[in-house]
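Novice: Input entry_15.txt, format and content: compact mmCIF, C-alpha atoms and all ligand atoms.
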# COMPACT_ATOMS: atom_id res chain seq x y z
CA MET A 1 85.13 -12.61 135.38
CA SER A 2 84.63 -9.69 137.67
CA VAL A 3 85.99 -6.20 137.06
CA PRO A 4 88.96 -5.12 139.25
CA ASP A 5 87.52 -3.32 142.23
CA LEU A 6 88.52 0.33 142.69
CA ALA A 7 87.89 0.38 146.42
CA ALA A 8 89.94 -2.76 146.97
CA ASN A 9 92.82 -1.10 145.11
CA LYS A 10 92.35 2.20 146.98
CA LEU A 11 91.78 4.08 143.71
CA ASN A 12 89.52 7.10 143.28
CA PRO A 13 86.49 6.61 141.05
CA PRO A 14 86.63 8.35 137.67
CA GLY A 15 84.80 11.67 137.84
CA THR A 16 85.94 12.57 141.36
CA PRO A 17 88.34 15.45 141.99
CA VAL A 18 91.91 14.32 142.55
CA ASN A 19 92.03 16.84 145.39
CA PRO A 20 88.52 17.65 146.72
CA GLU A 21 89.81 20.79 148.48
CA GLU A 22 90.95 22.24 145.14
CA ALA A 23 87.56 21.52 143.57
CA LYS A 24 85.53 23.04 146.38
CA HIS A 25 84.49 26.00 144.23
CA VAL A 26 82.70 23.74 141.73
CA LYS A 27 79.40 22.36 143.00
CA LEU A 28 79.14 19.86 140.16
CA PHE A 29 81.94 17.92 141.81
CA HIS A 30 80.54 18.00 145.31
CA PRO A 31 79.21 14.61 146.37
CA PHE A 32 75.44 14.30 146.65
CA GLN A 33 74.32 12.40 149.72
CA GLN A 34 70.77 11.19 150.23
CA LYS A 35 70.00 8.68 152.96
CA SER A 36 72.93 6.24 153.03
CA VAL A 37 73.74 6.73 149.34
CA LYS A 38 76.60 9.03 148.39
CA ILE A 39 76.83 9.91 144.71
CA HIS A 40 80.38 11.01 143.95
CA ASN A 41 79.47 14.04 141.82
CA ARG A 42 76.25 15.80 140.79
CA ILE A 43 76.05 14.75 137.17
CA GLY A 44 73.89 11.75 136.30
CA VAL A 45 72.87 9.96 133.14
CA SER A 46 69.16 10.56 132.57
CA PRO A 47 67.12 7.41 131.97
CA MET A 48 67.09 6.59 128.26
CA CYS A 49 65.38 3.62 126.64
CA MET A 50 67.72 1.73 124.39
CA TYR A 51 65.07 -0.55 122.82
CA SER A 52 67.59 -3.37 122.84
CA SER A 53 66.23 -5.86 125.38
CA VAL A 54 64.96 -9.29 124.54
CA ARG A 55 61.75 -10.27 126.37
CA GLY A 56 62.50 -7.51 128.86
CA HIS A 57 65.98 -8.80 129.72
CA LEU A 58 68.98 -6.47 129.75
CA ASN A 59 72.04 -7.94 128.02
CA ASP A 60 75.64 -7.39 126.92
CA TYR A 61 74.70 -4.29 124.92
CA HIS A 62 73.58 -2.65 128.15
CA ILE A 63 76.80 -3.56 129.92
CA LEU A 64 78.72 -1.81 127.18
CA HIS A 65 76.37 1.18 127.11
CA TYR A 66 75.97 1.83 130.85
CA GLY A 67 79.50 0.68 131.63
CA SER A 68 80.90 3.38 129.34
CA PHE A 69 79.28 6.14 131.42
CA ALA A 70 80.57 4.63 134.65
CA LEU A 71 84.07 4.38 133.21
CA LYS A 72 83.94 8.05 132.22
CA GLY A 73 82.89 9.34 135.61
CA ALA A 74 79.10 9.82 135.70
CA GLY A 75 78.11 10.05 139.37
CA LEU A 76 74.75 8.36 138.85
CA ILE A 77 73.44 6.23 136.02
CA ILE A 78 69.68 5.81 135.88
CA ILE A 79 68.96 2.71 133.86
CA GLU A 80 66.18 3.14 131.33
CA ALA A 81 62.40 2.92 131.89
CA SER A 82 61.78 -0.69 132.84
CA GLY A 83 58.28 -2.11 132.59
CA VAL A 84 56.67 -3.31 135.81
CA VAL A 85 54.47 -5.59 133.69
CA PRO A 86 55.13 -6.80 130.12
CA GLU A 87 52.29 -4.73 128.68
CA GLY A 88 53.67 -1.69 130.51
CA ARG A 89 56.64 -1.47 128.15
CA ILE A 90 56.78 1.28 125.56
CA THR A 91 58.05 -1.15 122.92
CA PRO A 92 58.56 -4.92 122.75
CA GLN A 93 62.31 -4.21 122.99
CA CYS A 94 62.08 -2.28 126.26
CA SER A 95 63.49 -3.75 129.43
CA GLY A 96 61.45 -4.93 132.36
CA LEU A 97 61.46 -5.94 136.00
CA TRP A 98 58.30 -7.99 136.14
CA ASN A 99 59.88 -11.31 136.93
CA ASP A 100 62.62 -12.61 139.17
CA ASP A 101 64.63 -13.93 136.22
CA GLN A 102 65.30 -10.34 135.20
CA ILE A 103 67.14 -9.62 138.46
CA LYS A 104 70.35 -11.39 137.47
CA ASP A 105 70.62 -9.49 134.16
CA LEU A 106 70.14 -6.20 135.95
CA LYS A 107 72.65 -7.19 138.62
CA ARG A 108 75.38 -7.69 135.99
CA ILE A 109 74.98 -4.06 134.96
CA VAL A 110 74.71 -2.85 138.54
CA ASP A 111 77.97 -4.63 139.37
CA VAL A 112 79.78 -3.06 136.42
CA ILE A 113 78.53 0.41 137.37
CA LYS A 114 79.55 -0.06 141.00
CA SER A 115 82.96 -1.43 140.01
CA GLN A 116 83.80 2.06 138.70
CA GLY A 117 82.52 3.81 141.82
CA SER A 118 79.41 5.14 140.10
CA THR A 119 75.91 4.81 141.59
CA PRO A 120 73.33 2.62 139.84
CA GLY A 121 69.74 3.80 139.60
CA ILE A 122 66.79 2.51 137.63
CA GLN A 123 63.48 3.91 136.49
CA ILE A 124 60.41 1.70 136.89
CA ALA A 125 57.56 2.43 134.56
CA HIS A 126 54.23 1.62 133.03
CA ALA A 127 53.74 3.10 129.56
CA GLY A 128 49.94 3.32 129.85
CA ARG A 129 48.23 4.38 126.64
CA LYS A 130 51.57 4.84 124.84
CA ALA A 131 52.54 1.15 125.09
CA SER A 132 53.20 -1.37 122.31
CA MET A 133 54.83 1.10 119.93
CA SER A 134 57.82 0.59 117.66
CA PRO A 135 61.31 1.65 118.72
CA PRO A 136 61.82 5.16 117.26
CA PHE A 137 64.69 4.02 115.06
CA LYS A 138 62.30 1.60 113.31
CA GLY A 139 59.55 4.18 112.77
CA ASP A 140 56.53 5.41 114.66
CA TYR A 141 53.82 2.79 114.50
CA LEU A 142 51.81 0.44 116.67
CA GLU A 143 53.56 -2.93 116.91
CA ASN A 144 51.34 -5.86 116.01
CA GLU A 145 51.28 -9.20 117.79
CA ALA A 146 53.40 -10.94 115.15
CA ASP A 147 56.23 -8.53 115.98
CA GLY A 148 55.88 -8.90 119.74
CA GLY A 149 53.38 -6.08 120.34
CA TRP A 150 50.10 -6.17 122.33
CA PRO A 151 47.93 -3.66 120.45
CA ASN A 152 44.74 -5.06 122.00
CA ASN A 153 46.03 -5.01 125.54
CA VAL A 154 47.00 -1.38 125.96
CA VAL A 155 45.49 0.31 129.02
CA GLY A 156 44.98 3.77 130.44
CA PRO A 157 42.78 5.61 132.89
CA SER A 158 40.23 6.05 130.09
CA ASP A 159 39.61 4.82 126.59
CA VAL A 160 41.13 7.91 125.00
CA PRO A 161 44.02 7.17 122.60
CA PHE A 162 47.16 9.32 122.56
CA ALA A 163 46.99 9.75 118.78
CA ASP A 164 45.34 8.08 115.80
CA HIS A 165 48.22 5.73 115.12
CA TYR A 166 48.52 4.67 118.78
CA ALA A 167 46.52 1.85 120.40
CA GLN A 168 42.93 2.22 121.47
CA PRO A 169 43.42 1.86 125.25
CA ARG A 170 41.04 0.05 127.57
CA ALA A 171 40.05 1.90 130.74
CA LEU A 172 41.51 0.09 133.75
CA THR A 173 39.16 -1.44 136.30
CA LYS A 174 39.82 -0.68 139.96
CA GLU A 175 41.04 -4.25 140.38
CA GLN A 176 43.54 -3.75 137.57
CA ILE A 177 44.70 -0.46 139.06
CA LYS A 178 45.43 -2.20 142.37
CA SER A 179 47.30 -4.94 140.55
CA ILE A 180 49.53 -2.40 138.74
CA VAL A 181 50.26 -0.64 142.04
CA ARG A 182 51.43 -4.02 143.40
CA SER A 183 53.55 -4.57 140.29
CA PHE A 184 55.40 -1.29 140.93
CA ALA A 185 56.15 -2.45 144.46
CA ASP A 186 57.26 -5.89 143.26
CA ALA A 187 59.60 -4.30 140.73
CA ALA A 188 61.06 -2.14 143.50
CA VAL A 189 61.85 -5.26 145.53
CA ARG A 190 63.61 -6.76 142.50
CA ALA A 191 65.59 -3.55 141.93
CA ASP A 192 66.76 -3.69 145.54
CA LYS A 193 67.76 -7.34 145.18
CA ALA A 194 69.82 -6.43 142.11
CA GLY A 195 71.72 -3.82 144.15
CA ILE A 196 70.14 -0.65 142.73
CA GLU A 197 70.79 2.34 145.00
CA VAL A 198 68.45 5.01 143.61
CA LEU A 199 64.96 4.08 142.47
CA GLU A 200 63.01 6.39 140.22
CA ILE A 201 59.29 6.06 139.53
CA HIS A 202 58.37 7.22 136.03
CA GLY A 203 55.46 9.59 136.37
CA ALA A 204 56.26 11.70 133.29
CA HIS A 205 55.99 11.86 129.49
CA GLY A 206 52.42 10.68 129.09
CA TYR A 207 52.89 7.21 130.51
CA LEU A 208 50.44 5.65 132.94
CA ILE A 209 50.96 7.80 136.05
CA GLY A 210 51.00 10.95 133.91
CA ASN A 211 47.85 9.75 132.11
CA PHE A 212 46.08 9.65 135.47
CA LEU A 213 47.44 13.02 136.65
CA SER A 214 46.09 15.06 133.75
CA GLY A 215 42.44 15.76 133.16
CA HIS A 216 43.21 15.79 129.44
CA SER A 217 43.93 12.05 129.42
CA ASN A 218 41.96 11.01 132.51
CA LYS A 219 38.20 11.16 131.89
CA ARG A 220 37.18 8.82 134.71
CA THR A 221 34.16 9.56 136.82
CA ASP A 222 35.13 7.37 139.79
CA GLU A 223 37.54 8.20 142.63
CA TYR A 224 40.52 8.04 140.20
CA GLY A 225 39.31 10.87 137.95
CA GLY A 226 37.90 14.37 137.99
CA SER A 227 39.30 16.45 140.85
CA TYR A 228 43.01 16.99 141.50
CA GLU A 229 42.66 14.75 144.53
CA ASN A 230 41.22 11.93 142.44
CA ARG A 231 43.64 12.28 139.51
CA THR A 232 46.64 12.08 141.83
CA ARG A 233 45.29 9.06 143.73
CA PHE A 234 46.91 6.43 141.51
CA GLY A 235 50.34 8.10 141.54
CA LEU A 236 50.21 8.48 145.30
CA GLU A 237 49.19 4.85 145.73
CA VAL A 238 52.19 3.79 143.64
CA VAL A 239 54.52 5.97 145.71
CA LYS A 240 53.09 4.60 148.98
CA ALA A 241 53.39 0.98 147.86
CA VAL A 242 56.93 1.43 146.57
CA ARG A 243 58.12 3.35 149.61
CA ALA A 244 56.75 0.57 151.84
CA VAL A 245 59.10 -1.98 150.28
CA TRP A 246 62.02 0.17 149.12
CA PRO A 247 64.67 0.32 151.88
CA THR A 248 64.42 3.42 154.03
CA SER A 249 68.20 3.79 153.67
CA LYS A 250 67.91 4.28 149.90
CA PRO A 251 66.59 7.33 148.02
CA LEU A 252 63.33 7.22 146.10
CA TRP A 253 62.89 9.66 143.23
CA ILE A 254 59.98 10.39 140.95
CA ARG A 255 60.09 11.96 137.49
CA ILE A 256 57.05 14.00 136.56
CA SER A 257 56.03 16.14 133.63
CA CYS A 258 55.52 19.51 135.27
CA THR A 259 53.07 20.67 132.60
CA ASP A 260 51.20 19.20 129.65
CA TYR A 261 51.76 22.43 127.67
CA VAL A 262 48.08 22.58 126.75
CA ASN A 263 48.47 26.08 128.09
CA PRO A 264 51.46 27.07 125.92
CA ASP A 265 52.85 29.26 128.72
CA PRO A 266 55.07 26.79 130.63
CA MET A 267 54.20 28.51 133.91
CA GLY A 268 50.57 29.06 132.93
CA HIS A 269 47.54 27.56 134.65
CA ASP A 270 45.67 24.47 133.43
CA PRO A 271 43.75 23.39 136.55
CA ASN A 272 41.66 20.75 134.83
CA GLY A 273 44.63 19.36 132.91
CA TRP A 274 48.14 19.39 134.43
CA ASP A 275 50.36 22.35 135.25
CA ILE A 276 53.26 23.45 137.43
CA TYR A 277 50.92 24.46 140.28
CA GLN A 278 49.48 20.96 140.57
CA SER A 279 53.03 19.60 140.22
CA ILE A 280 54.10 21.62 143.25
CA GLU A 281 51.18 20.28 145.30
CA PHE A 282 51.95 16.75 144.13
CA ALA A 283 55.61 17.23 145.08
CA LYS A 284 54.58 18.25 148.61
CA GLU A 285 52.45 15.14 148.93
CA VAL A 286 55.03 12.68 147.66
CA LYS A 287 57.59 14.30 149.94
CA ARG A 288 55.33 13.49 152.89
CA LEU A 289 55.19 9.90 151.62
CA GLY A 290 58.98 9.60 151.60
CA VAL A 291 60.07 10.65 148.11
CA ASP A 292 63.52 12.24 148.24
CA LEU A 293 63.74 14.10 144.94
CA ILE A 294 61.54 15.31 142.08
CA ASP A 295 63.09 14.87 138.65
CA CYS A 296 61.48 17.72 136.71
CA SER A 297 60.62 16.98 133.12
CA SER A 298 57.63 18.09 131.02
CA GLY A 299 55.25 17.23 128.21
CA GLY A 300 54.64 13.97 126.40
CA ASN A 301 51.02 13.50 127.43
CA ILE A 302 49.26 15.47 124.71
CA LYS A 303 50.02 15.16 121.03
CA GLY A 304 50.74 18.28 119.02
CA VAL A 305 51.37 20.83 121.80
CA LYS A 306 54.23 23.30 121.41
CA TYR A 307 57.39 23.00 123.53
CA PRO A 308 59.81 25.83 124.14
CA ALA A 309 62.75 23.51 123.42
CA VAL A 310 65.50 25.99 124.20
CA PRO A 311 68.56 25.26 126.36
CA MET A 312 67.60 24.40 129.95
CA TYR A 313 63.90 24.93 129.27
CA GLN A 314 62.82 22.71 132.15
CA VAL A 315 65.04 24.25 134.83
CA GLN A 316 62.27 26.70 135.75
CA PHE A 317 60.18 23.73 136.93
CA ALA A 318 62.98 22.32 139.08
CA GLU A 319 63.45 25.74 140.61
CA ALA A 320 59.75 26.31 141.32
CA ILE A 321 59.25 22.88 142.89
CA ARG A 322 62.43 23.16 144.94
CA ARG A 323 61.36 26.53 146.29
CA HIS A 324 57.67 25.91 146.90
CA ALA A 325 57.66 22.23 147.89
CA GLN A 326 60.99 22.39 149.74
CA ILE A 327 62.27 19.16 148.25
CA ASP A 328 65.44 18.32 146.32
CA THR A 329 65.03 18.51 142.56
CA ALA A 330 66.92 17.32 139.50
CA ALA A 331 67.12 19.53 136.43
CA VAL A 332 67.11 17.89 133.01
CA GLY A 333 66.65 18.87 129.40
CA LEU A 334 69.05 20.47 126.94
CA ILE A 335 71.81 20.91 129.51
CA VAL A 336 74.89 20.44 127.35
CA GLU A 337 77.57 22.61 128.93
CA GLY A 338 79.28 22.08 132.26
CA LYS A 339 79.17 25.80 133.00
CA ASP A 340 75.38 25.84 132.58
CA ALA A 341 75.01 22.80 134.82
CA GLU A 342 77.19 24.48 137.44
CA ASP A 343 75.19 27.70 137.19
CA ILE A 344 71.95 25.79 137.92
CA LEU A 345 73.44 24.30 141.07
CA ARG A 346 75.14 27.46 142.20
CA LYS A 347 71.96 29.53 141.83
CA GLU A 348 70.13 26.82 143.79
CA LYS A 349 67.66 26.09 141.01
CA ALA A 350 68.22 22.34 141.45
CA ASP A 351 70.29 19.94 143.51
CA PHE A 352 71.31 17.49 140.83
CA ILE A 353 71.85 17.54 137.07
CA LEU A 354 70.66 14.84 134.70
CA VAL A 355 71.99 14.77 131.17
CA GLY A 356 70.58 12.64 128.38
CA ARG A 357 71.59 13.09 124.76
CA GLU A 358 74.83 14.90 125.47
CA PHE A 359 76.06 11.75 127.20
CA LEU A 360 75.11 9.77 124.07
CA ARG A 361 77.10 12.20 121.94
CA ASP A 362 80.02 12.35 124.33
CA ASN A 363 80.27 9.97 127.26
CA GLU A 364 83.14 12.11 128.60
CA PHE A 365 80.72 14.89 129.56
CA VAL A 366 81.90 14.76 133.17
CA LEU A 367 85.60 14.75 132.35
CA VAL A 368 85.23 17.53 129.79
CA SER A 369 83.17 19.60 132.26
CA ALA A 370 85.99 19.30 134.78
CA GLN A 371 88.35 20.79 132.22
CA GLU A 372 86.01 23.76 131.83
CA PHE A 373 86.63 24.54 135.50
CA ASP A 374 90.27 23.54 135.59
CA VAL A 375 89.40 20.85 138.10
CA ASN A 376 91.95 18.08 138.24
CA ILE A 377 89.58 15.18 137.83
CA THR A 378 90.30 11.49 138.18
CA TRP A 379 90.25 9.78 134.83
CA PRO A 380 89.74 6.06 134.49
CA ASN A 381 92.98 4.91 136.08
CA GLN A 382 93.78 2.71 133.14
CA TYR A 383 93.58 5.75 130.84
CA SER A 384 95.69 8.10 132.93
CA TRP A 385 98.41 8.45 130.30
CA ALA A 386 95.84 9.95 127.96
CA VAL A 387 94.59 12.73 130.20
CA LYS A 388 96.26 15.56 128.32
CA LYS A 389 94.04 15.17 125.29
CA ALA A 390 91.46 17.75 126.25
CA ARG A 391 88.72 17.67 123.65
CA ARG A 392 86.71 20.83 123.59
CA HIS A 393 88.70 22.80 126.13
CA ASN A 394 92.29 23.08 125.27
CA THR A 395 93.71 23.05 128.74
CA THR A 396 96.39 20.85 130.17
CA LYS A 397 96.25 22.34 133.64
CA GLY A 398 95.65 19.74 136.26
CA SER A 399 96.61 16.99 133.90
CA ASP A 400 97.80 13.67 135.29
CA GLU A 401 99.83 13.14 132.18
CA LYS A 402 103.10 11.29 132.52
CA THR A 403 105.87 12.88 130.52
CA THR A 404 107.57 9.57 129.85
CA ILE A 405 105.81 6.36 129.18
CA PRO A 406 107.89 3.42 130.26
C1 LIG B 501 66.97 7.76 123.32
C2 LIG B 501 66.19 8.37 124.46
C3 LIG B 501 65.47 7.56 125.33
C4 LIG B 501 64.78 8.10 126.41
N1 LIG B 501 64.18 7.27 127.31
C5 LIG B 501 63.67 7.78 128.46
C6 LIG B 501 63.25 6.93 129.51
O1 LIG B 501 63.42 5.72 129.49
N2 LIG B 501 62.70 7.52 130.61
C7 LIG B 501 62.58 8.87 130.72
O2 LIG B 501 62.06 9.36 131.72
N3 LIG B 501 63.03 9.69 129.77
C8 LIG B 501 63.60 9.18 128.66
N4 LIG B 501 64.15 10.02 127.73
C9 LIG B 501 64.23 11.46 128.03
C10 LIG B 501 65.59 11.79 128.68
O3 LIG B 501 65.76 11.12 129.90
C11 LIG B 501 65.74 13.29 128.92
O4 LIG B 501 64.81 13.68 129.88
C12 LIG B 501 65.53 14.11 127.66
O5 LIG B 501 66.23 13.55 126.57
C13 LIG B 501 65.97 15.56 127.85
O6 LIG B 501 67.31 15.61 128.29
P1 LIG B 501 68.53 15.89 127.23
O7 LIG B 501 68.21 17.18 126.51
O8 LIG B 501 69.74 16.01 128.12
O9 LIG B 501 68.59 14.73 126.31
C14 LIG B 501 64.80 9.50 126.61
C15 LIG B 501 65.49 10.32 125.71
C16 LIG B 501 66.20 9.78 124.67
C17 LIG B 501 66.97 10.69 123.76
Here is the file; what I need is its structure written in the form of structure tokens.
Specialist:
Amino acid sequence: MSVPDLAANKLNPPGTPVNPEEAKHVKLFHPFQQKSVKIHNRIGVSPMCMYSSVRGHLNDYHILHYGSFALKGAGLIIIEASGVVPEGRITPQCSGLWNDDQIKDLKRIVDVIKSQGSTPGIQIAHAGRKASMSPPFKGDYLENEADGGWPNNVVGPSDVPFADHYAQPRALTKEQIKSIVRSFADAAVRADKAGIEVLEIHGAHGYLIGNFLSGHSNKRTDEYGGSYENRTRFGLEVVKAVRAVWPTSKPLWIRISCTDYVNPDPMGHDPNGWDIYQSIEFAKEVKRLGVDLIDCSSGGNIKGVKYPAVPMYQVQFAEAIRRHAQIDTAAVGLIVEGKDAEDILRKEKADFILVGREFLRDNEFVLVSAQEFDVNITWPNQYSWAVKKARRHNTTKGSDEKTTIP
């Protein structure tokens, strides 16, 4: 059974201003257009692994999970890191896009997201030396083969493990590198077939692309290691291959870790590892290759470094890349208040806001943020008699509430 179509019924999507003119002063509720894709507001759900797939297939749980954000007005929903090969998953329960059978499961979720007027995105990934681990809610250990893991088939640029309890990775051969590049492109084709509108390459958090970027995890002596030019080669090859098959009408994003924090100063230099200055250069290069936005995250590649995990701690990276590489950026990380999100956009530190855990705590983040600005926002049409119940912000202004319920 398909979901009633908003467009067919001439209904506004949840999360859009009832009267766009009245909401003009709030950038969060301006549409975000890239290529032919128009996202109806500037708040997206950051990709978050749910560790609930079976053999890499998304299922009913994901319909419920992602559907709830679409129903409550998120402009964009980036579906979790999805392995481009089975051994590129973080855990055995992570989703994947390595075979054509997975397209139909993804399409079910895409259709539900689109039915509410939201934009479906997906992140394609290879976990590199951090693959074959347990889902965090089960513990923090290397999964063995009996439990679906592949502890002896974990790969990286070099044979340097992430930590003692992680797998001993095998250094990829050049042949294997080329094959993984092709797998990213193949996954992109599948994402397009499923109807995904925004594709994000996962280059952050110490997974394979990030392993190559940083001299701390990449100890190769061939053309994929050593200099900045060599360490970025794999990431750039992935971008090139994906852009070649991903429709030119659709945006391509990449998430990177803007520093490894080996230098504890977030804006400090670490020329032989990975830092914001190399991130800016990398952003310029991927822009030339057709990337439309840099999603600015940080860390995850080196165990035991210190993070300044304070509200909005990664916004400085989005701002620096936006300014120096002249490319759209997304800000993410401990953004939990609408007014902070708005401030980031208004001060032109980023072009788009991604929110992770706050959406898990409260999938009405968009609707609640609208109340903070007294913007009369469209609620799910079916819920319109409930609009008055403002949660954190006790305002009824702009409410759609009916005074009598027939
Ligand atoms: C449960 C969970 C799963 C995550 N999975 C991913 C993922 O698949 N890909 C990714 O790039 N980041 C992932 N992240 C990081 C988030 O996308 C986000 O960048 C991070 O949580 C910081 O944003 P927040 O403070 O709004 O949560 C995950 C975070 C959480 C909490």
Novice: Residues within 7 Å of ligand LIG 501 (chain B) should be enumerated using all atoms listed in the file and returned as a list in words.
Specialist: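 Using all atoms listed in the file, everything at most 7 Å from ligand LIG 501 (chain B) comes to Ser46, Pro47, Met48, Cys49, Met50, Glu80, Ala81, Gln123, His202, Ala204, His205, Arg255, Ser297, Val332, Gly333, Leu334, Ile335, Val336, Leu354, Val355, Gly356, Arg357 and Glu358 of chain A.
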Novice: Env of region 134-146 of chain A: 9 Å cut, atoms = all atoms listed in the file, seq-sep filter 3 positions within chain, self excluded. Answer as an NGL selection string.
Specialist: :A and (50-51 or 90-94 or 131 or 149-152 or 165-167)
Novice: Using all atoms listed in the file, which residue out of A:Ala188, A:Ile302, A:Ile63, A:Ala244 lies closest to Asn263 (chain A)?
Specialist: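 Result for the nearest residue to Asn263 (chain A): A:Ile302.
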Novice: In Å, with one decimal, what is the gap from CA of Ala171 (chain A) to CA of Gly156 (chain A)?
Specialist: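 Interatomic distance, CA of Ala171 (chain A) to CA of Gly156 (chain A): 5.3 Å.
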Novice: Box along x, y and z, 3 Å on every side, all listed atoms of region 344-358 of chain A inside: centre and edge lengths in Å to one decimal, as JSON.
Specialist:
{"center_x": 71.4, "center_y": 21.1, "center_z": 134.3, "size_x": 13.5, "size_y": 22.9, "size_z": 25.0}
Novice: Using only C-alpha atoms, which of A:Phe352, A:Tyr277, A:Trp246, A:Phe234 sits nearest Phe317 (chain A)?
Specialist: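 Looking at the shortest contact to Phe317 (chain A), the residue is A:Tyr277.
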